[in-house]
Amino acid sequence: MRRSLPTWQSLGGNHRAMRHFLNVWPPFLASGIRVEEISADFRYARVALHKRPLTRNYVGTLFGGSLFAMTDPFWMVLVLRNLGPGYVVWDKAGEIEFVAPGTSSVRAEFQVTDEHLEELRAAAADGSKVLRWFETDVVAQDGTVVARVRKQLYVRRKREKPVG
């Protein structure tokens with residue numbers, strides 16, 4: 001009997017299972033990225049990248065690809081989980097601005113608010129696609145902003161399938 005890894009969707013609404021799965025997911029595990037918290041309501045997440053020999057770049061600071069990767073799925077997952085199954089949510093674009101060298105461990109936090117969700121639902125109510133930017137600062141232990149990450153989400157209501 002062949003066993004396979006669980007799919008993202010099979011994790012359902014279990015925030016603890018999602019956190020554990022992300023922490024052993026090869027792209028995060030190999031990059032030294034740790035999901036420290038996902039709230040039970042999927043409204044908040046906190047992620048860390050610790051400075052270790054394998055997370056450093058050529059000049060000894062945190063690898064920029066890992067700084068971006070640590071922020072990658074969270075806005076999409078949190079918004080999708082909160083809008084529910086009646087919506088399509090995709091990452092559309094992303095950008096990163098490196099503000100200061102990553103010389104220590106860093107963290108990023110994501111908070112989906114009622115205002116975000118109300119804005120998206122209202123804008124998508126007529127079936128139109130919505131493009132919305134979300135921003136996250138990647139912050140060092142001393143409070144220094146190391147990077148600013150922006151992710152653009154594509155959101156729309158699912159189209160009803162014809163019956164018959």
# chains A, B, ... in the order shown; residues from 1 in each chain; ligands from 1
$ select_by_dssp --residues "chain A" --states "helix (DSSP H, G or I)" --output "VMD selection string"
chain A and resid 9 to 11 15 to 24 26 to 31 53 to 55 64 to 69 74 to 83 114 to 124
$ closest_atom_pairs --of "range 30-101 of chain A" --to "range 107-112 of chain A" --cutoff "6 Å" --atoms "only C-alpha atoms" --output "CSV"
residue,atom,partner,partner_atom,distance
A:Arg43,CA,A:Val112,CA,4.9
A:Tyr44,CA,A:Gln111,CA,4.6
A:Ala45,CA,A:Phe110,CA,5.2
A:Arg46,CA,A:Glu109,CA,4.5
A:Val47,CA,A:Ala108,CA,5.3
A:Ala48,CA,A:Arg107,CA,4.3
$ residues_around --residues "Arg16 in chain A" --least-positions-apart "2" --cutoff "8 Å" --atoms "only C-alpha atoms" --output "list in words"
Asn14, Met18, Arg19, His20, Ile38 and Ala40 of chain A
$ residues_around --residues "Ala123 in chain A" --least-positions-apart "6" --cutoff "12 Å" --atoms "only C-alpha atoms" --output "PyMOL selection string"
chain A and resi 116-117+129-132+154-157
$ write_last_selection --atoms "N, CA, C and O atoms" --output "JSON list (two decimals), in the first residue's frame"
[["chain", "number", "residue", "atom", "x", "y", "z"],
["A", 116, "HIS", "N", -10.68, 43.87, 5.57],
["A", 116, "HIS", "CA", -10.17, 43.24, 4.35],
["A", 116, "HIS", "C", -11.25, 42.38, 3.70],
["A", 116, "HIS", "O", -11.49, 42.46, 2.49],
["A", 117, "LEU", "N", -11.88, 41.53, 4.52],
["A", 117, "LEU", "CA", -12.86, 40.58, 4.00],
["A", 117, "LEU", "C", -14.11, 41.29, 3.47],
["A", 117, "LEU", "O", -14.62, 40.93, 2.40],
["A", 129, "LYS", "N", -13.63, 40.31, -11.08],
["A", 129, "LYS", "CA", -12.38, 39.97, -10.42],
["A", 129, "LYS", "C", -11.90, 41.18, -9.64],
["A", 129, "LYS", "O", -12.14, 42.32, -10.02],
["A", 130, "VAL", "N", -11.23, 40.89, -8.53],
["A", 130, "VAL", "CA", -10.69, 41.93, -7.66],
["A", 130, "VAL", "C", -9.20, 41.68, -7.53],
["A", 130, "VAL", "O", -8.77, 40.55, -7.27],
["A", 131, "LEU", "N", -8.41, 42.71, -7.72],
["A", 131, "LEU", "CA", -6.97, 42.63, -7.49],
["A", 131, "LEU", "C", -6.67, 43.52, -6.29],
["A", 131, "LEU", "O", -6.95, 44.72, -6.31],
["A", 132, "ARG", "N", -6.09, 42.91, -5.24],
["A", 132, "ARG", "CA", -5.85, 43.65, -3.98],
["A", 132, "ARG", "C", -4.45, 43.35, -3.48],
["A", 132, "ARG", "O", -4.05, 42.18, -3.39],
["A", 154, "TYR", "N", -5.69, 37.80, -6.48],
["A", 154, "TYR", "CA", -6.81, 37.80, -7.41],
["A", 154, "TYR", "C", -7.96, 37.14, -6.67],
["A", 154, "TYR", "O", -7.81, 36.02, -6.17],
["A", 155, "VAL", "N", -9.09, 37.81, -6.58],
["A", 155, "VAL", "CA", -10.25, 37.27, -5.87],
["A", 155, "VAL", "C", -11.48, 37.47, -6.74],
["A", 155, "VAL", "O", -11.66, 38.54, -7.34],
["A", 156, "ARG", "N", -12.32, 36.45, -6.82],
["A", 156, "ARG", "CA", -13.64, 36.61, -7.44],
["A", 156, "ARG", "C", -14.55, 35.52, -6.90],
["A", 156, "ARG", "O", -14.10, 34.50, -6.39],
["A", 157, "ARG", "N", -15.85, 35.77, -7.03],
["A", 157, "ARG", "CA", -16.83, 34.75, -6.64],
["A", 157, "ARG", "C", -16.75, 33.62, -7.66],
["A", 157, "ARG", "O", -16.51, 33.85, -8.84]]
$ closest_atom_pairs --of "range 44-77 of chain A" --to "range 88-95 of chain A" --cutoff "9 Å" --atoms "only C-alpha atoms" --output "Markdown table"
| residue | atom | partner | partner_atom | distance |
| --- | --- | --- | --- | --- |
| A:Phe68 | CA | A:Glu95 | CA | 8.3 |
| A:Asp72 | CA | A:Gly94 | CA | 8.5 |
| A:Pro73 | CA | A:Asp91 | CA | 8.2 |
| A:Trp75 | CA | A:Asp91 | CA | 8.4 |
| A:Met76 | CA | A:Asp91 | CA | 6.2 |
| A:Val77 | CA | A:Val89 | CA | 8.4 |
$ atom_distance --atom1 "CA of Ser39 in chain A" --atom2 "CA of Thr113 in chain A"
12.8 Å
$ closest_residue --among "A:Lys51, A:Ala124, A:Val35, A:Gly86" --to "Phe74 in chain A" --atoms "only C-alpha atoms"
A:Val35
$ atom_distance --atom1 "CA of Trp133 in chain A" --atom2 "CA of Lys151 in chain A"
5.6 Å
$ atom_distance --atom1 "CA of Glu97 in chain A" --atom2 "CA of Arg81 in chain A"
27.4 Å
$ closest_residue --among "A:Gly32, A:Ala100, A:Lys158, A:Asp142" --to "Pro53 in chain A" --atoms "only C-alpha atoms"
A:Gly32
$ closest_residue --among "A:Glu160, A:Glu135, A:Glu119, A:Glu37" --to "Ala17 in chain A" --atoms "only C-alpha atoms"
A:Glu37
$ residues_around --residues "Leu49 in chain A" --least-positions-apart "3" --cutoff "8 Å" --atoms "only C-alpha atoms" --output "CSV table (one decimal) with N, CA, C and O atoms, in the first residue's frame"
chain,number,residue,atom,x,y,z
A,32,GLY,N,14.9,26.7,6.2
A,32,GLY,CA,15.0,27.1,7.6
A,32,GLY,C,13.9,28.0,8.0
A,32,GLY,O,14.0,28.7,9.0
A,33,ILE,N,12.7,27.9,7.3
A,33,ILE,CA,11.6,28.7,7.6
A,33,ILE,C,10.7,27.9,8.6
A,33,ILE,O,10.4,26.7,8.4
A,34,ARG,N,10.2,28.6,9.7
A,34,ARG,CA,9.3,27.9,10.7
A,34,ARG,C,8.1,28.7,10.8
A,34,ARG,O,8.1,29.9,11.0
A,66,SER,N,14.8,33.2,0.5
A,66,SER,CA,14.1,32.7,1.7
A,66,SER,C,13.3,33.7,2.4
A,66,SER,O,12.2,33.4,2.9
A,67,LEU,N,13.8,35.0,2.4
A,67,LEU,CA,13.0,36.1,2.9
A,67,LEU,C,11.6,36.2,2.2
A,67,LEU,O,10.6,36.4,2.8
A,70,MET,N,9.4,32.9,2.8
A,70,MET,CA,8.7,32.8,4.1
A,70,MET,C,7.4,33.5,4.1
A,70,MET,O,6.5,33.3,5.0
A,105,SER,N,18.0,36.5,13.0
A,105,SER,CA,16.7,35.9,12.7
A,105,SER,C,15.6,37.0,12.5
A,105,SER,O,15.7,38.1,13.0
A,106,VAL,N,14.6,36.6,11.7
A,106,VAL,CA,13.6,37.6,11.3
A,106,VAL,C,12.2,36.9,11.5
A,106,VAL,O,12.1,35.7,11.5
A,107,ARG,N,11.2,37.8,11.5
A,107,ARG,CA,9.8,37.3,11.6
A,107,ARG,C,8.9,38.1,10.7
A,107,ARG,O,9.2,39.3,10.4
$ closest_residue --among "A:Ala147, A:Val138, A:Leu62, A:Leu29" --to "His50 in chain A" --atoms "only C-alpha atoms"
A:Leu62
$ select_by_dssp --residues "range 112-145 of chain A" --states "strand (DSSP E or B)" --output "list in words"
Val130, Leu131, Arg132, Trp133, Phe134, Glu135, Thr136, Asp137, Val138, Val139, Ala140 and Val145 of chain A
$ write_last_selection --atoms "N, CA, C and O atoms" --output "short mmCIF file (atom, residue, chain, number, x, y, z; two decimals), in the first residue's frame"
data_model
loop_
_atom_site.label_atom_id
_atom_site.label_comp_id
_atom_site.auth_asym_id
_atom_site.auth_seq_id
_atom_site.Cartn_x
_atom_site.Cartn_y
_atom_site.Cartn_z
N VAL A 130 -11.23 40.89 -8.53
CA VAL A 130 -10.69 41.93 -7.66
C VAL A 130 -9.20 41.68 -7.53
O VAL A 130 -8.77 40.55 -7.27
N LEU A 131 -8.41 42.71 -7.72
CA LEU A 131 -6.97 42.63 -7.49
C LEU A 131 -6.67 43.52 -6.29
O LEU A 131 -6.95 44.72 -6.31
N ARG A 132 -6.09 42.91 -5.24
CA ARG A 132 -5.85 43.65 -3.98
C ARG A 132 -4.45 43.35 -3.48
O ARG A 132 -4.05 42.18 -3.39
N TRP A 133 -3.69 44.40 -3.17
CA TRP A 133 -2.34 44.25 -2.62
C TRP A 133 -2.40 44.12 -1.10
O TRP A 133 -3.16 44.83 -0.45
N PHE A 134 -1.58 43.22 -0.57
CA PHE A 134 -1.38 43.05 0.88
C PHE A 134 0.11 43.23 1.15
O PHE A 134 0.94 42.76 0.37
N GLU A 135 0.45 43.86 2.27
CA GLU A 135 1.85 44.14 2.58
C GLU A 135 2.25 43.51 3.91
O GLU A 135 1.44 43.43 4.84
N THR A 136 3.50 43.09 3.96
CA THR A 136 4.06 42.50 5.16
C THR A 136 5.50 42.97 5.32
O THR A 136 6.26 42.95 4.36
N ASP A 137 5.85 43.39 6.52
CA ASP A 137 7.25 43.70 6.81
C ASP A 137 7.91 42.46 7.41
O ASP A 137 7.32 41.78 8.25
N VAL A 138 9.12 42.20 6.97
CA VAL A 138 9.96 41.16 7.57
C VAL A 138 10.88 41.90 8.53
O VAL A 138 11.64 42.78 8.12
N VAL A 139 10.81 41.54 9.82
CA VAL A 139 11.42 42.35 10.87
C VAL A 139 12.44 41.53 11.66
O VAL A 139 12.18 40.38 12.04
N ALA A 140 13.60 42.13 11.92
CA ALA A 140 14.65 41.51 12.72
C ALA A 140 14.28 41.55 14.20
O ALA A 140 13.37 42.27 14.62
N VAL A 145 13.33 46.78 10.12
CA VAL A 145 12.67 46.20 8.95
C VAL A 145 13.76 45.77 7.97
O VAL A 145 14.57 46.58 7.52
#
$ decode --residues "range 17-31 of chain A" --atoms "all heavy atoms" --output "tab-separated table (two decimals), in the first residue's frame"
chain	number	residue	atom	x	y	z
A	17	ALA	N	-2.68	21.25	12.22
A	17	ALA	CA	-2.20	20.35	11.16
A	17	ALA	C	-1.56	21.16	10.04
A	17	ALA	O	-0.52	20.77	9.50
A	17	ALA	CB	-3.35	19.49	10.62
A	18	MET	N	-2.17	22.29	9.69
A	18	MET	CA	-1.61	23.14	8.64
A	18	MET	C	-0.23	23.66	9.05
A	18	MET	O	0.71	23.64	8.26
A	18	MET	CB	-2.55	24.32	8.36
A	18	MET	CG	-2.01	25.32	7.37
A	18	MET	SD	-1.98	24.76	5.67
A	18	MET	CE	-3.71	24.93	5.27
A	19	ARG	N	-0.09	24.12	10.29
A	19	ARG	CA	1.20	24.61	10.77
A	19	ARG	C	2.25	23.50	10.72
A	19	ARG	O	3.37	23.70	10.23
A	19	ARG	CB	1.08	25.17	12.19
A	19	ARG	CG	2.37	25.80	12.69
A	19	ARG	CD	2.23	26.41	14.08
A	19	ARG	NE	1.90	25.44	15.10
A	19	ARG	CZ	2.78	24.61	15.68
A	19	ARG	NH1	4.06	24.65	15.33
A	19	ARG	NH2	2.41	23.77	16.61
A	20	HIS	N	1.87	22.32	11.21
A	20	HIS	CA	2.81	21.19	11.21
A	20	HIS	C	3.20	20.83	9.77
A	20	HIS	O	4.38	20.64	9.46
A	20	HIS	CB	2.20	19.98	11.91
A	20	HIS	CG	3.07	18.77	11.83
A	20	HIS	ND1	4.24	18.65	12.55
A	20	HIS	CD2	2.96	17.65	11.08
A	20	HIS	CE1	4.82	17.49	12.25
A	20	HIS	NE2	4.06	16.88	11.36
A	21	PHE	N	2.22	20.74	8.89
A	21	PHE	CA	2.49	20.38	7.50
A	21	PHE	C	3.42	21.40	6.84
A	21	PHE	O	4.36	21.03	6.15
A	21	PHE	CB	1.17	20.27	6.72
A	21	PHE	CG	1.32	19.76	5.32
A	21	PHE	CD1	1.69	18.45	5.07
A	21	PHE	CD2	1.11	20.60	4.24
A	21	PHE	CE1	1.83	17.98	3.77
A	21	PHE	CE2	1.25	20.14	2.95
A	21	PHE	CZ	1.61	18.82	2.70
A	22	LEU	N	3.18	22.69	7.07
A	22	LEU	CA	4.05	23.71	6.50
A	22	LEU	C	5.48	23.60	7.04
A	22	LEU	O	6.44	23.84	6.32
A	22	LEU	CB	3.50	25.10	6.77
A	22	LEU	CG	2.31	25.52	5.91
A	22	LEU	CD1	1.65	26.77	6.46
A	22	LEU	CD2	2.73	25.72	4.46
A	23	ASN	N	5.61	23.23	8.32
A	23	ASN	CA	6.94	23.13	8.91
A	23	ASN	C	7.74	21.94	8.40
A	23	ASN	O	8.97	21.93	8.51
A	23	ASN	CB	6.86	23.12	10.43
A	23	ASN	CG	6.65	24.51	10.99
A	23	ASN	OD1	7.10	25.48	10.41
A	23	ASN	ND2	5.94	24.60	12.09
A	24	VAL	N	7.10	20.93	7.84
A	24	VAL	CA	7.82	19.80	7.25
A	24	VAL	C	7.75	19.81	5.72
A	24	VAL	O	8.30	18.94	5.07
A	24	VAL	CB	7.34	18.43	7.80
A	24	VAL	CG1	7.60	18.34	9.29
A	24	VAL	CG2	5.87	18.18	7.48
A	25	TRP	N	7.08	20.82	5.17
A	25	TRP	CA	6.99	20.98	3.72
A	25	TRP	C	8.41	21.27	3.20
A	25	TRP	O	9.09	22.18	3.70
A	25	TRP	CB	6.03	22.12	3.42
A	25	TRP	CG	5.68	22.36	2.00
A	25	TRP	CD1	5.38	21.44	1.04
A	25	TRP	CD2	5.57	23.63	1.37
A	25	TRP	NE1	5.08	22.05	-0.13
A	25	TRP	CE2	5.19	23.40	0.03
A	25	TRP	CE3	5.74	24.94	1.81
A	25	TRP	CZ2	4.99	24.44	-0.88
A	25	TRP	CZ3	5.53	25.97	0.90
A	25	TRP	CH2	5.16	25.71	-0.42
A	26	PRO	N	8.91	20.49	2.27
A	26	PRO	CA	10.31	20.60	1.85
A	26	PRO	C	10.80	22.01	1.52
A	26	PRO	O	11.90	22.37	1.96
A	26	PRO	CB	10.40	19.65	0.66
A	26	PRO	CG	9.40	18.59	0.99
A	26	PRO	CD	8.25	19.34	1.62
A	27	PRO	N	10.05	22.87	0.79
A	27	PRO	CA	10.60	24.20	0.53
A	27	PRO	C	10.84	25.03	1.79
A	27	PRO	O	11.79	25.80	1.86
A	27	PRO	CB	9.52	24.86	-0.35
A	27	PRO	CG	8.83	23.73	-1.01
A	27	PRO	CD	8.82	22.63	0.02
A	28	PHE	N	9.97	24.87	2.80
A	28	PHE	CA	10.18	25.61	4.05
A	28	PHE	C	11.25	24.93	4.90
A	28	PHE	O	12.12	25.60	5.45
A	28	PHE	CB	8.87	25.70	4.84
A	28	PHE	CG	7.97	26.84	4.45
A	28	PHE	CD1	8.12	27.52	3.27
A	28	PHE	CD2	6.95	27.23	5.29
A	28	PHE	CE1	7.29	28.57	2.91
A	28	PHE	CE2	6.11	28.27	4.96
A	28	PHE	CZ	6.28	28.95	3.76
A	29	LEU	N	11.17	23.62	5.02
A	29	LEU	CA	12.12	22.88	5.85
A	29	LEU	C	13.55	23.11	5.36
A	29	LEU	O	14.45	23.41	6.15
A	29	LEU	CB	11.77	21.39	5.83
A	29	LEU	CG	12.56	20.49	6.75
A	29	LEU	CD1	12.32	20.87	8.21
A	29	LEU	CD2	12.15	19.03	6.52
A	30	ALA	N	13.77	23.03	4.04
A	30	ALA	CA	15.11	23.20	3.48
A	30	ALA	C	15.61	24.64	3.59
A	30	ALA	O	16.82	24.87	3.62
A	30	ALA	CB	15.13	22.75	2.02
A	31	SER	N	14.69	25.60	3.69
A	31	SER	CA	15.08	27.01	3.75
A	31	SER	C	15.22	27.53	5.17
A	31	SER	O	15.54	28.70	5.36
A	31	SER	CB	14.04	27.87	3.02
A	31	SER	OG	14.00	27.52	1.66
